[in-house]
$ cat my_file18.txt   # compact mmCIF, C-alpha atoms
# COMPACT_ATOMS: atom_id res chain seq x y z
CA ALA A 1 11.08 14.08 -3.21
CA GLN A 2 9.57 11.69 -0.74
CA SER A 3 11.12 8.33 -0.08
CA VAL A 4 11.00 5.60 2.50
CA THR A 5 13.73 3.16 3.44
CA GLN A 6 13.22 -0.05 5.34
CA PRO A 7 16.75 -1.33 5.94
CA ASP A 8 15.76 -4.83 7.01
CA ILE A 9 14.47 -7.12 4.29
CA HIS A 10 13.83 -10.04 6.61
CA ILE A 11 13.73 -10.34 10.40
CA THR A 12 13.29 -13.48 12.47
CA VAL A 13 12.24 -13.31 16.10
CA SER A 14 11.16 -15.84 18.68
CA GLU A 15 7.59 -15.83 19.85
CA GLY A 16 7.31 -13.67 22.96
CA ALA A 17 10.37 -11.61 22.10
CA SER A 18 10.22 -7.90 21.45
CA LEU A 19 10.24 -6.50 17.93
CA GLU A 20 11.43 -3.32 16.28
CA LEU A 21 11.11 -2.72 12.55
CA ARG A 22 12.99 0.22 11.18
CA CYS A 23 11.72 2.89 8.84
CA ASN A 24 13.51 6.02 7.67
CA TYR A 25 11.89 8.63 5.51
CA SER A 26 12.90 11.57 3.41
CA TYR A 27 10.44 14.42 3.33
CA GLY A 28 10.78 18.20 3.35
CA ALA A 29 7.96 19.07 5.73
CA THR A 30 6.04 17.37 8.51
CA PRO A 31 5.44 13.90 7.22
CA TYR A 32 2.33 11.80 7.33
CA LEU A 33 3.56 8.31 8.15
CA PHE A 34 1.89 4.94 8.03
CA TRP A 35 2.61 1.32 8.86
CA TYR A 36 0.73 -1.35 6.96
CA VAL A 37 0.85 -5.12 7.39
CA GLN A 38 0.18 -7.73 4.74
CA SER A 39 -0.55 -11.30 5.75
CA PRO A 40 -0.40 -13.98 3.05
CA GLY A 41 -3.35 -13.68 0.69
CA GLN A 42 -4.57 -10.55 2.41
CA GLY A 43 -4.61 -6.87 1.51
CA LEU A 44 -2.53 -4.20 3.14
CA GLN A 45 -4.03 -3.49 6.56
CA LEU A 46 -3.32 -0.24 8.36
CA LEU A 47 -1.61 -0.75 11.71
CA LEU A 48 -1.20 2.89 12.69
CA LYS A 49 -0.47 6.34 11.35
CA TYR A 50 1.13 9.57 12.46
CA PHE A 51 0.28 13.05 11.22
CA SER A 52 0.59 15.33 14.24
CA GLY A 53 0.59 15.47 18.02
CA ASP A 54 2.03 12.80 20.27
CA THR A 55 5.06 11.26 18.64
CA LEU A 56 4.30 7.85 20.12
CA VAL A 57 1.42 6.35 18.22
CA GLN A 58 -0.58 3.35 19.30
CA GLY A 59 -2.02 1.01 16.73
CA ILE A 60 -3.93 -2.20 16.42
CA LYS A 61 -2.71 -5.64 17.48
CA GLY A 62 -0.50 -4.19 20.22
CA PHE A 63 1.82 -2.29 17.88
CA GLU A 64 3.20 1.17 18.44
CA ALA A 65 5.51 3.45 16.53
CA GLU A 66 7.56 6.46 17.48
CA PHE A 67 8.15 9.43 15.22
CA LYS A 68 11.61 10.92 15.67
CA ARG A 69 12.08 13.98 13.53
CA SER A 70 15.76 14.33 14.41
CA GLN A 71 16.44 10.84 13.07
CA SER A 72 13.85 10.92 10.25
CA SER A 73 12.57 7.64 11.62
CA PHE A 74 9.25 6.01 12.35
CA ASN A 75 10.11 2.63 13.83
CA LEU A 76 7.46 0.07 14.61
CA ARG A 77 7.60 -1.82 17.89
CA LYS A 78 5.82 -4.56 19.72
CA PRO A 79 6.82 -5.74 23.21
CA SER A 80 5.88 -9.40 22.72
CA VAL A 81 5.47 -10.97 19.31
CA HIS A 82 2.85 -13.60 18.58
CA TRP A 83 3.10 -16.26 15.88
CA SER A 84 0.21 -14.58 14.07
CA ASP A 85 2.34 -11.46 13.58
CA ALA A 86 4.33 -13.23 10.88
CA ALA A 87 3.70 -11.11 7.80
CA GLU A 88 5.17 -8.42 5.55
CA TYR A 89 5.32 -4.93 7.05
CA PHE A 90 5.34 -1.77 4.98
CA CYS A 91 6.15 1.76 6.03
CA ALA A 92 4.73 4.58 3.90
CA VAL A 93 4.71 8.36 3.74
CA GLY A 94 1.93 10.58 2.40
CA SER A 95 2.97 12.72 -0.54
CA THR A 96 2.90 16.45 -0.98
CA GLY A 97 -0.20 17.94 -2.52
CA ALA A 98 -1.65 14.60 -3.47
CA ASN A 99 -3.23 11.55 -1.98
CA ASN A 100 -0.82 8.87 -3.01
CA LEU A 101 1.46 7.00 -0.66
CA PHE A 102 5.16 6.28 -1.04
CA PHE A 103 6.05 2.87 0.32
CA GLY A 104 9.22 1.22 1.49
CA THR A 105 10.26 -2.16 0.15
CA GLY A 106 8.82 -3.95 3.17
CA THR A 107 10.23 -6.13 5.94
CA ARG A 108 9.25 -9.77 6.13
CA LEU A 109 8.81 -10.95 9.70
CA THR A 110 9.22 -14.61 10.60
CA VAL A 111 8.23 -15.76 14.07
CA ILE A 112 9.75 -18.97 15.42
CA PRO A 113 8.26 -20.96 18.30
CA GLU B 1 -16.18 -4.92 8.54
CA PRO B 2 -16.31 -3.45 5.01
CA GLU B 3 -13.37 -4.32 2.82
CA VAL B 4 -12.01 -3.76 -0.63
CA THR B 5 -12.25 -6.79 -2.87
CA GLN B 6 -10.35 -7.56 -6.07
CA THR B 7 -10.81 -10.05 -8.87
CA PRO B 8 -9.21 -12.15 -10.10
CA SER B 9 -6.69 -13.06 -7.46
CA HIS B 10 -4.31 -14.33 -10.15
CA GLN B 11 -4.18 -13.65 -13.88
CA VAL B 12 -1.86 -15.10 -16.47
CA THR B 13 -1.78 -13.52 -19.91
CA GLN B 14 0.26 -13.45 -23.07
CA MET B 15 2.33 -10.42 -23.95
CA GLY B 16 0.33 -8.00 -26.06
CA GLN B 17 -3.02 -9.06 -24.66
CA GLU B 18 -5.41 -6.74 -22.86
CA VAL B 19 -6.25 -7.36 -19.23
CA ILE B 20 -8.83 -5.81 -16.96
CA LEU B 21 -8.35 -5.94 -13.24
CA ARG B 22 -11.42 -5.41 -11.14
CA CYS B 23 -11.95 -3.86 -7.76
CA VAL B 24 -14.96 -3.22 -5.57
CA PRO B 25 -14.10 -0.37 -3.20
CA ILE B 26 -15.76 0.15 0.16
CA SER B 27 -19.28 1.29 -0.62
CA ASN B 28 -19.30 4.83 0.83
CA HIS B 29 -15.78 5.70 -0.34
CA LEU B 30 -15.26 8.32 -3.01
CA TYR B 31 -11.54 8.13 -3.73
CA PHE B 32 -9.96 5.19 -5.50
CA TYR B 33 -6.40 4.19 -6.19
CA TRP B 34 -4.29 1.63 -7.97
CA TYR B 35 -0.82 0.63 -6.85
CA ARG B 36 1.47 -2.10 -8.05
CA GLN B 37 4.36 -4.08 -6.62
CA ILE B 38 6.85 -5.75 -8.88
CA LEU B 39 8.32 -8.77 -7.14
CA GLY B 40 11.02 -7.71 -4.70
CA GLN B 41 10.40 -4.01 -5.24
CA LYS B 42 8.44 -1.24 -3.58
CA VAL B 43 4.71 -0.77 -3.74
CA GLU B 44 4.32 2.03 -6.30
CA PHE B 45 1.47 4.43 -6.85
CA LEU B 46 -0.17 4.30 -10.28
CA VAL B 47 -3.27 6.46 -10.25
CA SER B 48 -5.95 8.05 -8.10
CA PHE B 49 -9.53 8.65 -9.19
CA TYR B 50 -12.30 10.85 -7.90
CA ASN B 51 -15.59 12.03 -9.28
CA ASN B 52 -15.12 9.99 -12.46
CA GLU B 53 -11.81 11.60 -13.25
CA ILE B 54 -8.16 10.83 -12.74
CA SER B 55 -6.90 13.16 -10.02
CA GLU B 56 -3.26 12.04 -9.92
CA LYS B 57 -1.14 9.64 -11.91
CA SER B 58 2.46 8.56 -11.78
CA GLU B 59 4.89 8.32 -14.66
CA ILE B 60 4.27 4.58 -14.69
CA PHE B 61 0.66 5.19 -15.71
CA ASP B 62 1.21 5.71 -19.43
CA ASP B 63 -1.17 5.42 -22.38
CA GLN B 64 -1.29 1.65 -22.01
CA PHE B 65 -3.19 2.06 -18.75
CA SER B 66 -6.70 3.30 -18.16
CA VAL B 67 -9.13 3.31 -15.28
CA GLU B 68 -12.86 3.35 -15.20
CA ARG B 69 -15.75 3.27 -12.81
CA PRO B 70 -18.27 1.54 -15.06
CA ASP B 71 -21.02 1.42 -12.48
CA GLY B 72 -21.66 2.39 -8.87
CA SER B 73 -19.59 -0.35 -7.37
CA ASN B 74 -16.69 -1.41 -9.61
CA PHE B 75 -13.40 0.29 -10.32
CA THR B 76 -11.26 -1.21 -13.06
CA LEU B 77 -7.70 -0.98 -14.30
CA LYS B 78 -7.13 -1.87 -17.93
CA ILE B 79 -3.79 -2.59 -19.50
CA ARG B 80 -4.26 -2.44 -23.27
CA SER B 81 -1.24 -4.34 -24.51
CA THR B 82 0.60 -6.06 -21.72
CA LYS B 83 4.38 -6.20 -21.56
CA LEU B 84 6.57 -8.60 -19.63
CA GLU B 85 7.45 -5.81 -17.21
CA ASP B 86 3.79 -5.39 -16.28
CA SER B 87 4.04 -8.60 -14.26
CA ALA B 88 3.35 -7.50 -10.71
CA MET B 89 0.89 -7.53 -7.86
CA TYR B 90 -1.75 -4.86 -8.41
CA PHE B 91 -3.47 -3.36 -5.38
CA CYS B 92 -6.67 -1.37 -5.38
CA ALA B 93 -7.41 1.00 -2.50
CA SER B 94 -10.16 3.38 -1.50
CA SER B 95 -10.70 6.16 1.02
CA ASP B 96 -13.67 8.22 2.10
CA ARG B 97 -11.73 11.47 2.10
CA ALA B 98 -8.72 12.91 0.36
CA GLY B 99 -5.59 14.26 1.94
CA ARG B 100 -2.16 13.13 2.97
CA GLY B 101 -3.27 11.82 6.35
CA GLU B 102 -6.35 9.95 5.24
CA THR B 103 -6.38 6.20 5.53
CA GLN B 104 -6.44 4.20 2.33
CA TYR B 105 -7.97 0.75 2.59
CA PHE B 106 -6.35 -1.84 0.39
CA GLY B 107 -7.63 -4.94 -1.31
CA PRO B 108 -5.78 -8.28 -1.34
CA GLY B 109 -4.30 -7.67 -4.76
CA THR B 110 -4.29 -9.31 -8.17
CA ARG B 111 -1.12 -11.07 -9.17
CA LEU B 112 -0.57 -10.55 -12.90
CA LEU B 113 1.89 -12.67 -14.82
CA VAL B 114 2.68 -11.72 -18.39
CA LEU B 115 4.32 -14.45 -20.47
$ encode --input "my_file18.txt" --output "structure tokens"
Amino acid sequence: AQSVTQPDIHITVSEGASLELRCNYSYGATPYLFWYVQSPGQGLQLLLKYFSGDTLVQGIKGFEAEFKRSQSSFNLRKPSVHWSDAAEYFCAVGSTGANNLFFGTGTRLTVIP
Amino acid sequence: EPEVTQTPSHQVTQMGQEVILRCVPISNHLYFYWYRQILGQKVEFLVSFYNNEISEKSEIFDDQFSVERPDGSNFTLKIRSTKLEDSAMYFCASSDRAGRGETQYFGPGTRLLVL
């Protein structure tokens, strides 16, 4: 069965510092992987997704993620965090034979000046 | 940019009451979904809907739940007799195509509190 683990519930970084949010998945075949962000009062916005090809995926707002099959990971990175990046980040995997997504529990990012 | 909208943003109800959560998907999308997130837990899939039929549902989506597309723009989730454990954030999503890699666009959610 599919599952997603986000080990970090809450991360605090300084503005301008680099960021890495961890995501590990469990899936029997080639996964379809997504990162969504939720700002307060907003819906879940897609940052990027991976389903084939280059394992380094570029997304919106300067984010990227790297798919590592050997580690069952799809970590999200940003070289320099902005205060507006403070939000909740969700990793998700597409399910087998259906359209629904399996989400992790999310990581809340706090950015300090 | 087109977006999914949901109403109301917050709903408080008494246990045993019926609630209807409303969603307006992106206009040219054909696939619709409901998810929920109990506070502190994962976002969980409830149901997907296409061509006026449920295409997938999770074990959470029992007989107390139903979905409907009453007209060309709205997509609703009804909970017939709410329970305390139905308190959660409910997200609607839509996509223009089906498949594991297709992007689902989410609304801002409705926070439901059952007392």
$ residues_around --input "my_file18.txt" --residues "segment 70-74 of chain A" --least-positions-apart "2" --cutoff "12 Å" --atoms "all atoms listed in the file" --output "PyMOL selection string"
chain A and resi 2-7+20-35+48-51+55-57+64-68+76-77+90-93+104
$ write_last_selection --input "my_file18.txt" --atoms "C-alpha atoms" --output "compact mmCIF listing (two decimals), in the frame of the given file"
# COMPACT_ATOMS: atom_id res chain seq x y z
CA GLN A 2 9.57 11.69 -0.74
CA SER A 3 11.12 8.33 -0.08
CA VAL A 4 11.00 5.60 2.50
CA THR A 5 13.73 3.16 3.44
CA GLN A 6 13.22 -0.05 5.34
CA PRO A 7 16.75 -1.33 5.94
CA GLU A 20 11.43 -3.32 16.28
CA LEU A 21 11.11 -2.72 12.55
CA ARG A 22 12.99 0.22 11.18
CA CYS A 23 11.72 2.89 8.84
CA ASN A 24 13.51 6.02 7.67
CA TYR A 25 11.89 8.63 5.51
CA SER A 26 12.90 11.57 3.41
CA TYR A 27 10.44 14.42 3.33
CA GLY A 28 10.78 18.20 3.35
CA ALA A 29 7.96 19.07 5.73
CA THR A 30 6.04 17.37 8.51
CA PRO A 31 5.44 13.90 7.22
CA TYR A 32 2.33 11.80 7.33
CA LEU A 33 3.56 8.31 8.15
CA PHE A 34 1.89 4.94 8.03
CA TRP A 35 2.61 1.32 8.86
CA LEU A 48 -1.20 2.89 12.69
CA LYS A 49 -0.47 6.34 11.35
CA TYR A 50 1.13 9.57 12.46
CA PHE A 51 0.28 13.05 11.22
CA THR A 55 5.06 11.26 18.64
CA LEU A 56 4.30 7.85 20.12
CA VAL A 57 1.42 6.35 18.22
CA GLU A 64 3.20 1.17 18.44
CA ALA A 65 5.51 3.45 16.53
CA GLU A 66 7.56 6.46 17.48
CA PHE A 67 8.15 9.43 15.22
CA LYS A 68 11.61 10.92 15.67
CA LEU A 76 7.46 0.07 14.61
CA ARG A 77 7.60 -1.82 17.89
CA PHE A 90 5.34 -1.77 4.98
CA CYS A 91 6.15 1.76 6.03
CA ALA A 92 4.73 4.58 3.90
CA VAL A 93 4.71 8.36 3.74
CA GLY A 104 9.22 1.22 1.49
$ closest_atom_pairs --input "my_file18.txt" --of "chain A" --to "chain B" --cutoff "7 Å" --atoms "all atoms listed in the file" --output "Markdown table"
| residue | atom | partner | partner_atom | distance |
| --- | --- | --- | --- | --- |
| A:Tyr32 | CA | B:Gly101 | CA | 5.7 |
| A:Gly41 | CA | B:Pro108 | CA | 6.3 |
| A:Gln42 | CA | B:Pro108 | CA | 4.5 |
| A:Gly43 | CA | B:Pro108 | CA | 3.4 |
| A:Leu44 | CA | B:Phe106 | CA | 5.3 |
| A:Gln45 | CA | B:Phe106 | CA | 6.8 |
| A:Phe51 | CA | B:Gly101 | CA | 6.2 |
| A:Gly94 | CA | B:Arg100 | CA | 4.9 |
| A:Ser95 | CA | B:Arg100 | CA | 6.2 |
| A:Ala98 | CA | B:Arg100 | CA | 6.6 |
| A:Asn99 | CA | B:Arg100 | CA | 5.3 |
| A:Asn100 | CA | B:Phe45 | CA | 6.3 |
| A:Leu101 | CA | B:Phe45 | CA | 6.7 |
| A:Phe102 | CA | B:Glu44 | CA | 6.8 |
| A:Phe103 | CA | B:Val43 | CA | 5.6 |
| A:Gly104 | CA | B:Lys42 | CA | 5.7 |
| A:Thr105 | CA | B:Lys42 | CA | 4.3 |
$ axis_aligned_box --input "my_file18.txt" --around "segment 83-95 of chain A" --padding-each-side "3 Å" --output "JSON"
{"center_x": 3.2, "center_y": -1.8, "center_z": 7.7, "size_x": 11.9, "size_y": 35.0, "size_z": 22.4}
$ residues_around --input "my_file18.txt" --residues "Arg69 of chain B" --least-positions-apart "2" --cutoff "12 Å" --atoms "all atoms listed in the file" --output "list in words"
Leu21, Arg22, Cys23, Val24, Pro25, Leu30, Tyr31, Phe32, Tyr33, Ser48, Phe49, Tyr50, Asn51, Asn52, Glu53, Ile54, Ser66, Val67, Asp71, Gly72, Ser73, Asn74, Phe75, Thr76, Leu77 and Lys78 of chain B
$ atom_distance --input "my_file18.txt" --atom1 "atom CA of Gln17 of chain B" --atom2 "atom CA of Arg36 of chain B"
18.6 Å
$ atom_distance --input "my_file18.txt" --atom1 "atom CA of Pro2 of chain B" --atom2 "atom CA of Pro70 of chain B"
20.8 Å
$ residues_around --input "my_file18.txt" --residues "Leu113 of chain B" --least-positions-apart "5" --cutoff "7 Å" --atoms "all atoms listed in the file" --output "list in words"
Gln11, Val12, Thr13, Ser87 and Ala88 of chain B
$ write_last_selection --input "my_file18.txt" --atoms "C-alpha atoms" --output "PDB file, in the frame of the given file"
ATOM      1  CA  GLN B  11      -4.180 -13.650 -13.880  1.00  0.00           C
ATOM      2  CA  VAL B  12      -1.860 -15.100 -16.470  1.00  0.00           C
ATOM      3  CA  THR B  13      -1.780 -13.520 -19.910  1.00  0.00           C
ATOM      4  CA  SER B  87       4.040  -8.600 -14.260  1.00  0.00           C
ATOM      5  CA  ALA B  88       3.350  -7.500 -10.710  1.00  0.00           C
TER       6      ALA B  88
END
$ atom_distance --input "my_file18.txt" --atom1 "atom CA of Pro8 of chain B" --atom2 "atom CA of Thr107 of chain A"
25.9 Å
